file start-v7.txt (compact mmCIF, C-alpha atoms and all ligand atoms)
# COMPACT_ATOMS: atom_id res chain seq x y z
CA MET A 18 14.88 9.80 -10.01
CA LYS A 19 13.49 6.24 -10.26
CA ASP A 20 16.95 4.79 -9.58
CA LYS A 21 17.23 6.98 -6.49
CA ILE A 22 13.82 5.87 -5.23
CA ARG A 23 14.72 2.22 -5.86
CA GLY A 24 18.02 2.73 -4.00
CA TYR A 25 16.13 4.21 -1.05
CA TRP A 26 13.86 1.14 -0.83
CA ASP A 27 16.79 -1.25 -1.29
CA ARG A 28 18.38 0.32 1.78
CA ARG A 29 15.11 0.29 3.75
CA ALA A 30 13.95 -3.23 2.85
CA VAL A 31 14.94 -4.89 6.14
CA ASP A 32 13.52 -2.25 8.48
CA TYR A 33 10.36 -1.73 6.40
CA ASP A 34 9.78 -5.49 6.46
CA GLU A 35 10.22 -5.47 10.26
CA ASN A 36 7.71 -2.62 10.54
CA VAL A 37 4.95 -4.31 8.55
CA ARG A 38 5.29 -8.07 8.68
CA ASN A 39 3.46 -8.28 12.00
CA ILE A 40 0.35 -8.14 9.79
CA LEU A 41 1.10 -11.73 8.80
CA TYR A 42 1.54 -13.01 12.34
CA SER A 43 -0.90 -11.00 14.45
CA PRO A 44 -4.28 -12.76 14.05
CA ARG A 45 -6.18 -9.53 14.65
CA GLU A 46 -4.19 -7.42 12.16
CA ASN A 47 -4.28 -10.25 9.63
CA ARG A 48 -8.05 -10.54 9.94
CA GLU A 49 -8.50 -6.78 9.63
CA TRP A 50 -6.46 -6.52 6.44
CA LYS A 51 -8.27 -9.52 4.96
CA ARG A 52 -11.51 -7.75 5.73
CA ILE A 53 -10.30 -4.49 4.13
CA PHE A 54 -9.18 -6.22 0.93
CA SER A 55 -12.29 -8.39 0.71
CA GLN A 56 -14.44 -5.30 1.17
CA GLY A 57 -12.46 -3.40 -1.47
CA LEU A 58 -12.40 -6.18 -4.04
CA GLY A 59 -15.70 -7.84 -3.34
CA SER A 60 -18.21 -5.15 -4.12
CA VAL A 61 -18.81 -1.88 -5.90
CA LYS A 62 -20.82 0.84 -4.20
CA MET A 63 -23.12 2.65 -6.60
CA ASN A 64 -25.91 5.06 -5.68
CA GLY A 65 -25.68 3.89 -2.08
CA ALA A 66 -26.40 0.27 -3.03
CA GLU A 67 -23.90 -2.53 -2.70
CA LEU A 68 -23.65 -4.19 -6.10
CA LYS A 69 -21.93 -7.53 -6.25
CA ASP A 70 -19.93 -8.37 -9.34
CA ALA A 71 -19.93 -12.16 -9.75
CA LYS A 72 -16.34 -12.34 -10.98
CA MET A 73 -15.14 -10.00 -8.22
CA THR A 74 -16.47 -12.18 -5.47
CA SER A 75 -15.26 -15.46 -6.92
CA ALA A 76 -12.76 -17.27 -4.72
CA GLU A 77 -9.95 -17.06 -7.20
CA MET A 78 -9.00 -13.84 -8.89
CA LYS A 79 -5.82 -13.04 -10.79
CA ILE A 80 -4.40 -10.12 -8.87
CA LEU A 81 -1.37 -7.90 -9.49
CA ASP A 82 0.14 -6.36 -6.36
CA VAL A 83 1.98 -3.28 -7.62
CA GLY A 84 4.95 -2.18 -5.49
CA THR A 85 4.67 -5.37 -3.49
CA GLY A 86 7.68 -4.55 -1.26
CA PRO A 87 8.11 -7.39 1.25
CA GLY A 88 5.04 -9.09 -0.21
CA ILE A 89 2.74 -8.69 2.78
CA VAL A 90 -0.32 -7.67 0.77
CA ALA A 91 0.42 -10.33 -1.86
CA THR A 92 0.64 -12.98 0.87
CA ILE A 93 -2.66 -11.91 2.43
CA LEU A 94 -4.45 -11.90 -0.93
CA SER A 95 -3.00 -15.30 -1.79
CA SER A 96 -4.16 -16.72 1.53
CA LEU A 97 -7.68 -15.61 0.52
CA GLY A 98 -7.45 -18.03 -2.40
CA ASN A 99 -6.33 -15.65 -5.16
CA GLN A 100 -3.60 -16.13 -7.74
CA VAL A 101 -1.23 -13.27 -6.99
CA THR A 102 1.76 -11.73 -8.77
CA GLY A 103 3.80 -9.06 -7.00
CA ILE A 104 5.96 -6.54 -8.85
CA ASP A 105 8.58 -4.18 -7.42
CA PRO A 106 11.77 -2.57 -8.73
CA SER A 107 13.72 -3.16 -5.49
CA ARG A 108 15.70 -6.39 -5.48
CA GLU A 109 16.15 -6.22 -1.70
CA MET A 110 12.40 -5.88 -1.18
CA LEU A 111 11.75 -8.84 -3.47
CA GLU A 112 14.19 -10.90 -1.45
CA ARG A 113 12.18 -10.15 1.71
CA ALA A 114 8.98 -10.93 -0.21
CA GLY A 115 10.35 -14.35 -1.17
CA ILE A 116 11.18 -15.12 2.47
CA ASN A 117 7.73 -13.99 3.72
CA ALA A 118 5.90 -15.99 1.04
CA LYS A 119 7.93 -19.12 1.82
CA ARG A 120 7.26 -18.80 5.56
CA SER A 121 3.54 -18.40 4.85
CA LYS A 122 3.60 -21.28 2.33
CA GLN A 123 1.83 -19.16 -0.31
CA PRO A 124 2.44 -19.88 -4.04
CA LEU A 125 3.34 -16.34 -5.11
CA VAL A 126 5.09 -15.06 -8.21
CA PHE A 127 7.38 -12.04 -7.83
CA VAL A 128 8.70 -10.01 -10.74
CA GLN A 129 11.21 -7.17 -10.72
CA GLY A 130 9.73 -4.21 -12.59
CA ASP A 131 8.19 -0.76 -12.70
CA ALA A 132 4.59 0.22 -11.93
CA GLU A 133 4.66 2.65 -14.85
CA ASN A 134 5.84 0.10 -17.48
CA LEU A 135 4.34 -3.25 -16.63
CA PRO A 136 5.72 -6.38 -18.34
CA PHE A 137 2.24 -7.94 -18.73
CA MET A 138 -0.20 -8.34 -21.62
CA ASP A 139 -3.38 -6.27 -21.89
CA GLY A 140 -6.26 -7.62 -19.81
CA SER A 141 -4.11 -10.09 -17.81
CA PHE A 142 -5.59 -9.40 -14.35
CA ASP A 143 -8.97 -9.27 -12.60
CA ALA A 144 -7.63 -6.74 -10.10
CA VAL A 145 -4.67 -4.44 -9.55
CA VAL A 146 -3.93 -3.72 -5.91
CA CYS A 147 -1.49 -1.10 -4.72
CA ARG A 148 -0.85 -0.30 -1.05
CA PHE A 149 1.34 2.61 0.11
CA VAL A 150 3.02 2.97 -3.31
CA LEU A 151 1.22 5.59 -5.40
CA TRP A 152 2.69 8.46 -3.34
CA ASN A 153 6.24 7.57 -4.42
CA LEU A 154 5.66 7.10 -8.16
CA PRO A 155 7.14 9.88 -10.32
CA HIS A 156 4.40 9.65 -12.99
CA PRO A 157 1.15 8.53 -11.31
CA ASP A 158 -0.96 9.33 -14.41
CA LYS A 159 1.18 6.99 -16.49
CA ALA A 160 0.94 4.30 -13.81
CA MET A 161 -2.88 4.47 -13.74
CA ILE A 162 -3.06 4.06 -17.52
CA GLU A 163 -0.77 1.02 -17.29
CA TRP A 164 -2.87 -0.51 -14.51
CA LYS A 165 -5.99 -0.03 -16.60
CA ARG A 166 -4.28 -1.61 -19.60
CA VAL A 167 -3.42 -4.84 -17.73
CA LEU A 168 -6.94 -5.14 -16.24
CA ARG A 169 -9.64 -7.12 -18.02
CA PRO A 170 -12.82 -5.16 -18.87
CA GLY A 171 -14.76 -4.88 -15.60
CA GLY A 172 -11.56 -5.48 -13.59
CA LYS A 173 -10.93 -3.48 -10.47
CA VAL A 174 -8.18 -1.18 -9.25
CA LEU A 175 -7.75 -0.87 -5.48
CA VAL A 176 -5.42 1.82 -4.12
CA ILE A 177 -4.59 2.18 -0.45
CA ASP A 178 -2.47 5.14 0.53
CA GLY A 179 -2.29 7.92 3.08
CA THR A 180 -2.02 11.60 3.82
CA TRP A 181 1.68 11.20 4.61
CA TYR A 182 2.53 14.85 3.82
CA ASP A 183 -0.86 16.42 4.31
CA HIS A 184 -1.28 16.38 8.07
CA ASP A 185 -3.88 18.63 9.57
CA ASP A 186 -1.81 18.35 12.74
CA SER A 187 1.25 20.55 13.27
CA PRO A 188 4.67 19.10 12.28
CA LEU A 189 5.82 19.54 15.88
CA LYS A 190 2.94 17.41 17.20
CA ILE A 191 3.74 14.72 14.61
CA LYS A 192 7.44 14.68 15.56
CA LEU A 193 6.58 14.44 19.24
CA TRP A 194 4.05 11.67 18.57
CA GLN A 195 6.64 9.68 16.57
CA PHE A 196 9.19 10.20 19.36
CA LEU A 197 6.78 8.94 22.02
CA SER A 198 5.70 5.96 19.92
CA THR A 199 9.25 4.54 20.05
CA PRO A 200 9.20 3.32 23.69
CA LEU A 201 5.68 1.95 23.13
CA ILE A 202 6.89 -0.15 20.19
CA MET A 203 9.98 -1.25 22.11
CA LEU A 204 7.86 -2.35 25.05
CA THR A 205 5.08 -4.10 23.17
CA GLU A 206 6.90 -5.50 20.11
CA ARG A 207 10.40 -5.92 21.58
CA ARG A 208 12.09 -4.16 18.68
CA ILE A 209 13.62 -0.75 18.10
CA PRO A 210 11.73 1.02 15.29
CA ARG A 211 13.97 2.65 12.70
CA TYR A 212 12.81 5.69 10.79
CA SER A 213 14.64 6.84 7.72
CA SER A 214 13.21 9.74 5.79
CA MET A 215 13.71 10.18 2.07
CA ASN A 216 16.37 12.68 1.12
CA SER A 217 15.01 16.10 0.22
CA GLU A 218 15.85 15.76 -3.50
CA ILE A 219 13.50 12.76 -3.80
CA LYS A 220 10.86 14.30 -1.54
CA GLU A 221 10.73 17.55 -3.47
CA SER A 222 10.18 15.67 -6.73
CA LEU A 223 7.12 13.81 -5.44
CA TRP A 224 3.63 14.91 -6.48
CA SER A 225 2.20 13.62 -3.20
CA THR A 226 4.09 16.10 -0.99
CA VAL A 227 2.00 18.97 -2.34
CA ALA A 228 -1.25 17.20 -3.29
CA ARG A 229 -4.45 17.24 -1.27
CA ARG A 230 -5.32 13.59 -0.84
CA PRO A 231 -7.40 11.53 -1.50
CA GLN A 232 -9.00 14.14 -3.80
CA ALA A 233 -5.92 14.19 -6.07
CA ASP A 234 -5.96 10.39 -6.25
CA VAL A 235 -9.59 10.36 -7.30
CA ARG A 236 -8.73 12.74 -10.14
CA LEU A 237 -5.94 10.37 -11.23
CA LEU A 238 -8.42 7.49 -11.49
CA GLU A 239 -10.93 9.68 -13.33
CA ARG A 240 -8.34 10.89 -15.84
CA ALA A 241 -7.32 7.27 -16.55
CA GLY A 242 -10.97 6.51 -17.32
CA PHE A 243 -11.87 4.34 -14.32
CA GLU A 244 -15.56 4.22 -13.43
CA LYS A 245 -17.58 3.66 -10.25
CA ILE A 246 -14.88 5.33 -8.16
CA HIS A 247 -15.44 4.85 -4.47
CA VAL A 248 -13.44 6.31 -1.57
CA LEU A 249 -13.28 4.99 1.96
CA GLU A 250 -11.41 7.29 4.35
CA ASP A 251 -9.52 6.55 7.54
CA ILE A 252 -9.39 2.77 7.03
CA TYR A 253 -6.23 2.39 9.09
CA ARG A 254 -7.78 4.03 12.16
CA LYS A 255 -10.74 1.65 11.87
CA SER A 256 -8.47 -1.38 11.75
CA LEU A 257 -6.27 -0.37 14.69
CA THR A 258 -6.68 -0.77 18.42
CA ASN A 259 -6.06 2.39 20.44
CA LEU A 260 -2.60 1.09 21.32
CA ASP A 261 -1.73 0.46 17.67
CA TYR A 262 -3.06 3.89 16.80
CA LEU A 263 -0.78 5.47 19.41
CA LYS A 264 2.14 3.57 17.87
CA ASN A 265 1.38 4.23 14.19
CA GLY A 266 -1.16 7.03 13.84
CA HIS A 267 1.54 9.69 13.41
CA TRP A 268 2.13 8.48 9.83
CA GLY A 269 -1.15 10.01 8.61
CA ARG A 270 -4.70 9.04 7.68
CA THR A 271 -5.10 6.03 5.40
CA PHE A 272 -7.68 5.81 2.62
CA MET A 273 -8.82 3.21 0.10
CA ILE A 274 -10.02 4.06 -3.42
CA THR A 275 -11.52 1.58 -5.84
CA GLY A 276 -12.45 1.95 -9.48
CA VAL A 277 -13.65 -0.28 -12.28
CA LYS A 278 -12.30 -0.56 -15.86
C1 LIG A 301 6.01 1.79 1.47
S1 LIG A 301 6.52 0.47 0.43
C2 LIG A 301 4.99 -0.43 0.26
C3 LIG A 301 5.20 -1.90 0.08
C4 LIG A 301 3.93 -2.75 0.07
N1 LIG A 301 3.02 -2.38 -0.99
C5 LIG A 301 3.20 -2.72 1.40
O1 LIG A 301 2.04 -2.29 1.44
O2 LIG A 301 3.78 -3.13 2.42
C6 LIG A 301 6.69 1.26 -1.14
C7 LIG A 301 7.11 0.30 -2.24
O3 LIG A 301 7.00 0.97 -3.51
C8 LIG A 301 7.98 0.41 -4.34
N2 LIG A 301 8.21 1.25 -5.52
C9 LIG A 301 8.91 2.39 -5.63
N3 LIG A 301 8.93 2.82 -6.91
C10 LIG A 301 8.21 1.93 -7.62
C11 LIG A 301 7.87 1.79 -9.01
N4 LIG A 301 8.27 2.67 -9.92
N5 LIG A 301 7.14 0.72 -9.39
C12 LIG A 301 6.71 -0.19 -8.48
N6 LIG A 301 7.01 -0.11 -7.17
C13 LIG A 301 7.75 0.92 -6.74
C14 LIG A 301 9.19 0.34 -3.41
O4 LIG A 301 10.24 -0.46 -3.91
C15 LIG A 301 8.56 -0.18 -2.13
O5 LIG A 301 8.59 -1.58 -2.08
call {"tool": "encode", "arguments": {"input": "start-v7.txt", "output": "structure tokens"}}
result
Amino acid sequence: MKDKIRGYWDRRAVDYDENVRNILYSPRENREWKRIFSQGLGSVKMNGAELKDAKMTSAEMKILDVGTGPGIVATILSSLGNQVTGIDPSREMLERAGINAKRSKQPLVFVQGDAENLPFMDGSFDAVVCRFVLWNLPHPDKAMIEWKRVLRPGGKVLVIDGTWYDHDDSPLKIKLWQFLSTPLIMLTERRIPRYSSMNSEIKESLWSTVARRPQADVRLLERAGFEKIHVLEDIYRKSLTNLDYLKNGHWGRTFMITGVK
């Protein structure tokens, strides 16, 4: 199944990159994502109080971006002064990541590999960040244990993902919304968005198509032994203008979960 998932992302690398790289060039989107990551990595909420962890707020953290894809998150984190390594099994995605990092002049390291079997020593990173990836991992429990292994004691995991298959809205409304978003994207971004859904064999094998999220994700972190788990819901809506929401909101609601080793 992993080979099939990797093949899917190899084929989608160019259009996925086109869909997301605006984050690097739109000052507003760039600022918003920097804010989201700084908020997620910079503090731990406990008993309603905001507790700062000195190491977490230091300018330079060693961060692993799991499932880095075209390296957008890695590039943003690097531009915040962190030392970032991105890992992904898709060679085509890593090629896009190299191009994006070069254009942004960020000193990133990219490694081809699997989120569930990381080629890094125990305790190598201050933080593990993973955006829009957990949903497509065949063994999320195994992945969490690996992420905890490569974190130093007190290190932080930050997961951003969405309710891609768990819409409260009807499938018909979602289809119609996606259909209507196309001319909006064409008009405002001067590109034709391409949508390519996963084949049903892959989809049916995914835990995330039947899970209630983010509750299921929280249980994954708990089972792996992460502490101080904190969930922030609907982060994407908060970071979007109404126009961007009309263009992208049909994908689902986006949440961020953090936990500490
Ligand atoms: C929706 S993209 C997200 C890319 C990037 N994190 C972002 O936020 O733009 C999903 C990524 O998960 C990667 N992926 C799939 N299976 C993986 C695995 N076993 N280990 C690590 N990454 C994986 C894919 O290659 C793809 O780049």
call {"tool": "closest_atom_pairs", "arguments": {"input": "start-v7.txt", "of": "chain A", "to": "ligand LIG 301 (chain A)", "cutoff": "8 Å", "atoms": "all atoms listed in the file", "output": "JSON lines"}}
result
{"residue": "A:Lys19", "atom": "CA", "partner": "A:LIG301", "partner_atom": "N4", "distance": 6.3}
{"residue": "A:Ile22", "atom": "CA", "partner": "A:LIG301", "partner_atom": "N3", "distance": 6.0}
{"residue": "A:Arg23", "atom": "CA", "partner": "A:LIG301", "partner_atom": "O4", "distance": 5.6}
{"residue": "A:Trp26", "atom": "CA", "partner": "A:LIG301", "partner_atom": "O4", "distance": 5.0}
{"residue": "A:Asp27", "atom": "CA", "partner": "A:LIG301", "partner_atom": "O4", "distance": 7.1}
{"residue": "A:Ala30", "atom": "CA", "partner": "A:LIG301", "partner_atom": "O5", "distance": 7.5}
{"residue": "A:Tyr33", "atom": "CA", "partner": "A:LIG301", "partner_atom": "S1", "distance": 7.4}
{"residue": "A:Asp34", "atom": "CA", "partner": "A:LIG301", "partner_atom": "O2", "distance": 7.6}
{"residue": "A:Val37", "atom": "CA", "partner": "A:LIG301", "partner_atom": "O2", "distance": 6.4}
{"residue": "A:Asp82", "atom": "CA", "partner": "A:LIG301", "partner_atom": "N1", "distance": 7.3}
{"residue": "A:Val83", "atom": "CA", "partner": "A:LIG301", "partner_atom": "C12", "distance": 5.7}
{"residue": "A:Gly84", "atom": "CA", "partner": "A:LIG301", "partner_atom": "N6", "distance": 3.4}
{"residue": "A:Thr85", "atom": "CA", "partner": "A:LIG301", "partner_atom": "N1", "distance": 4.2}
{"residue": "A:Gly86", "atom": "CA", "partner": "A:LIG301", "partner_atom": "O5", "distance": 3.2}
{"residue": "A:Pro87", "atom": "CA", "partner": "A:LIG301", "partner_atom": "O2", "distance": 6.2}
{"residue": "A:Gly88", "atom": "CA", "partner": "A:LIG301", "partner_atom": "C4", "distance": 6.4}
{"residue": "A:Ile89", "atom": "CA", "partner": "A:LIG301", "partner_atom": "O2", "distance": 5.7}
{"residue": "A:Val90", "atom": "CA", "partner": "A:LIG301", "partner_atom": "O1", "distance": 5.9}
{"residue": "A:Ile104", "atom": "CA", "partner": "A:LIG301", "partner_atom": "C12", "distance": 6.4}
{"residue": "A:Asp105", "atom": "CA", "partner": "A:LIG301", "partner_atom": "N6", "distance": 4.4}
{"residue": "A:Pro106", "atom": "CA", "partner": "A:LIG301", "partner_atom": "O4", "distance": 5.5}
{"residue": "A:Ser107", "atom": "CA", "partner": "A:LIG301", "partner_atom": "O4", "distance": 4.7}
{"residue": "A:Met110", "atom": "CA", "partner": "A:LIG301", "partner_atom": "O5", "distance": 5.8}
{"residue": "A:Gly130", "atom": "CA", "partner": "A:LIG301", "partner_atom": "N5", "distance": 6.4}
{"residue": "A:Asp131", "atom": "CA", "partner": "A:LIG301", "partner_atom": "N5", "distance": 3.8}
{"residue": "A:Ala132", "atom": "CA", "partner": "A:LIG301", "partner_atom": "N5", "distance": 3.6}
{"residue": "A:Glu133", "atom": "CA", "partner": "A:LIG301", "partner_atom": "N4", "distance": 6.1}
{"residue": "A:Cys147", "atom": "CA", "partner": "A:LIG301", "partner_atom": "N1", "distance": 6.0}
{"residue": "A:Arg148", "atom": "CA", "partner": "A:LIG301", "partner_atom": "O1", "distance": 4.3}
{"residue": "A:Phe149", "atom": "CA", "partner": "A:LIG301", "partner_atom": "C2", "distance": 4.8}
{"residue": "A:Val150", "atom": "CA", "partner": "A:LIG301", "partner_atom": "O3", "distance": 4.5}
{"residue": "A:Leu151", "atom": "CA", "partner": "A:LIG301", "partner_atom": "O3", "distance": 7.6}
{"residue": "A:Asn153", "atom": "CA", "partner": "A:LIG301", "partner_atom": "C9", "distance": 6.0}
{"residue": "A:Leu154", "atom": "CA", "partner": "A:LIG301", "partner_atom": "N4", "distance": 5.4}
{"residue": "A:Pro155", "atom": "CA", "partner": "A:LIG301", "partner_atom": "N4", "distance": 7.3}
call {"tool": "write_last_selection", "arguments": {"input": "start-v7.txt", "atoms": "C-alpha atoms", "output": "compact mmCIF listing (two decimals), keeping the file's coordinate frame"}}
result
# COMPACT_ATOMS: atom_id res chain seq x y z
CA LYS A 19 13.49 6.24 -10.26
CA ILE A 22 13.82 5.87 -5.23
CA ARG A 23 14.72 2.22 -5.86
CA TRP A 26 13.86 1.14 -0.83
CA ASP A 27 16.79 -1.25 -1.29
CA ALA A 30 13.95 -3.23 2.85
CA TYR A 33 10.36 -1.73 6.40
CA ASP A 34 9.78 -5.49 6.46
CA VAL A 37 4.95 -4.31 8.55
CA ASP A 82 0.14 -6.36 -6.36
CA VAL A 83 1.98 -3.28 -7.62
CA GLY A 84 4.95 -2.18 -5.49
CA THR A 85 4.67 -5.37 -3.49
CA GLY A 86 7.68 -4.55 -1.26
CA PRO A 87 8.11 -7.39 1.25
CA GLY A 88 5.04 -9.09 -0.21
CA ILE A 89 2.74 -8.69 2.78
CA VAL A 90 -0.32 -7.67 0.77
CA ILE A 104 5.96 -6.54 -8.85
CA ASP A 105 8.58 -4.18 -7.42
CA PRO A 106 11.77 -2.57 -8.73
CA SER A 107 13.72 -3.16 -5.49
CA MET A 110 12.40 -5.88 -1.18
CA GLY A 130 9.73 -4.21 -12.59
CA ASP A 131 8.19 -0.76 -12.70
CA ALA A 132 4.59 0.22 -11.93
CA GLU A 133 4.66 2.65 -14.85
CA CYS A 147 -1.49 -1.10 -4.72
CA ARG A 148 -0.85 -0.30 -1.05
CA PHE A 149 1.34 2.61 0.11
CA VAL A 150 3.02 2.97 -3.31
CA LEU A 151 1.22 5.59 -5.40
CA ASN A 153 6.24 7.57 -4.42
CA LEU A 154 5.66 7.10 -8.16
CA PRO A 155 7.14 9.88 -10.32
call {"tool": "closest_residue", "arguments": {"input": "start-v7.txt", "among": "A:Trp268, A:Phe142, A:Tyr262, A:Tyr25", "to": "Lys173 (chain A)", "atoms": "all atoms listed in the file"}}
result
A:Phe142
call {"tool": "closest_residue", "arguments": {"input": "start-v7.txt", "among": "A:Gly242, A:Pro44, A:Gly115, A:Gly266", "to": "Asp158 (chain A)", "atoms": "all atoms listed in the file"}}
result
A:Gly242
call {"tool": "closest_residue", "arguments": {"input": "start-v7.txt", "among": "A:Asn117, A:Thr271, A:Thr102, A:Ser55", "to": "Leu81 (chain A)", "atoms": "all atoms listed in the file"}}
result
A:Thr102
call {"tool": "atom_distance", "arguments": {"input": "start-v7.txt", "atom1": "CA of Leu237 (chain A)", "atom2": "CA of Lys21 (chain A)"}}
result
23.9 Å
call {"tool": "closest_residue", "arguments": {"input": "start-v7.txt", "among": "A:His267, A:Arg113, A:Arg236, A:Arg52", "to": "Val31 (chain A)", "atoms": "only C-alpha atoms"}}
result
A:Arg113
call {"tool": "closest_residue", "arguments": {"input": "start-v7.txt", "among": "A:Ile80, A:Leu197, A:Leu111, A:Leu94", "to": "Val128 (chain A)", "atoms": "only C-alpha atoms"}}
result
A:Leu111
call {"tool": "closest_residue", "arguments": {"input": "start-v7.txt", "among": "A:Gly171, A:Ile219, A:Ile177, A:Ser96", "to": "Ile53 (chain A)", "atoms": "only C-alpha atoms"}}
result
A:Ile177
call {"tool": "residues_around", "arguments": {"input": "start-v7.txt", "residues": "Trp194 (chain A)", "least_positions_apart": "4", "cutoff": "12 Å", "atoms": "only C-alpha atoms", "output": "list in words"}}
result
Asp186, Ser187, Pro188, Leu189, Lys190, Ser198, Thr199, Pro200, Leu201, Tyr262, Leu263, Lys264, Asn265, Gly266, His267, Trp268 and Gly269 of chain A
call {"tool": "write_last_selection", "arguments": {"input": "start-v7.txt", "atoms": "C-alpha atoms", "output": "JSON list (two decimals), in the coordinates of the input"}}
result
[["chain", "number", "residue", "atom", "x", "y", "z"],
["A", 186, "ASP", "CA", -1.81, 18.35, 12.74],
["A", 187, "SER", "CA", 1.25, 20.55, 13.27],
["A", 188, "PRO", "CA", 4.67, 19.10, 12.28],
["A", 189, "LEU", "CA", 5.82, 19.54, 15.88],
["A", 190, "LYS", "CA", 2.94, 17.41, 17.20],
["A", 198, "SER", "CA", 5.70, 5.96, 19.92],
["A", 199, "THR", "CA", 9.25, 4.54, 20.05],
["A", 200, "PRO", "CA", 9.20, 3.32, 23.69],
["A", 201, "LEU", "CA", 5.68, 1.95, 23.13],
["A", 262, "TYR", "CA", -3.06, 3.89, 16.80],
["A", 263, "LEU", "CA", -0.78, 5.47, 19.41],
["A", 264, "LYS", "CA", 2.14, 3.57, 17.87],
["A", 265, "ASN", "CA", 1.38, 4.23, 14.19],
["A", 266, "GLY", "CA", -1.16, 7.03, 13.84],
["A", 267, "HIS", "CA", 1.54, 9.69, 13.41],
["A", 268, "TRP", "CA", 2.13, 8.48, 9.83],
["A", 269, "GLY", "CA", -1.15, 10.01, 8.61]]
call {"tool": "atom_distance", "arguments": {"input": "start-v7.txt", "atom1": "CA of Ser217 (chain A)", "atom2": "CA of His156 (chain A)"}}
result
18.1 Å
call {"tool": "atom_distance", "arguments": {"input": "start-v7.txt", "atom1": "CA of Gly57 (chain A)", "atom2": "CA of Glu163 (chain A)"}}
result
20.2 Å
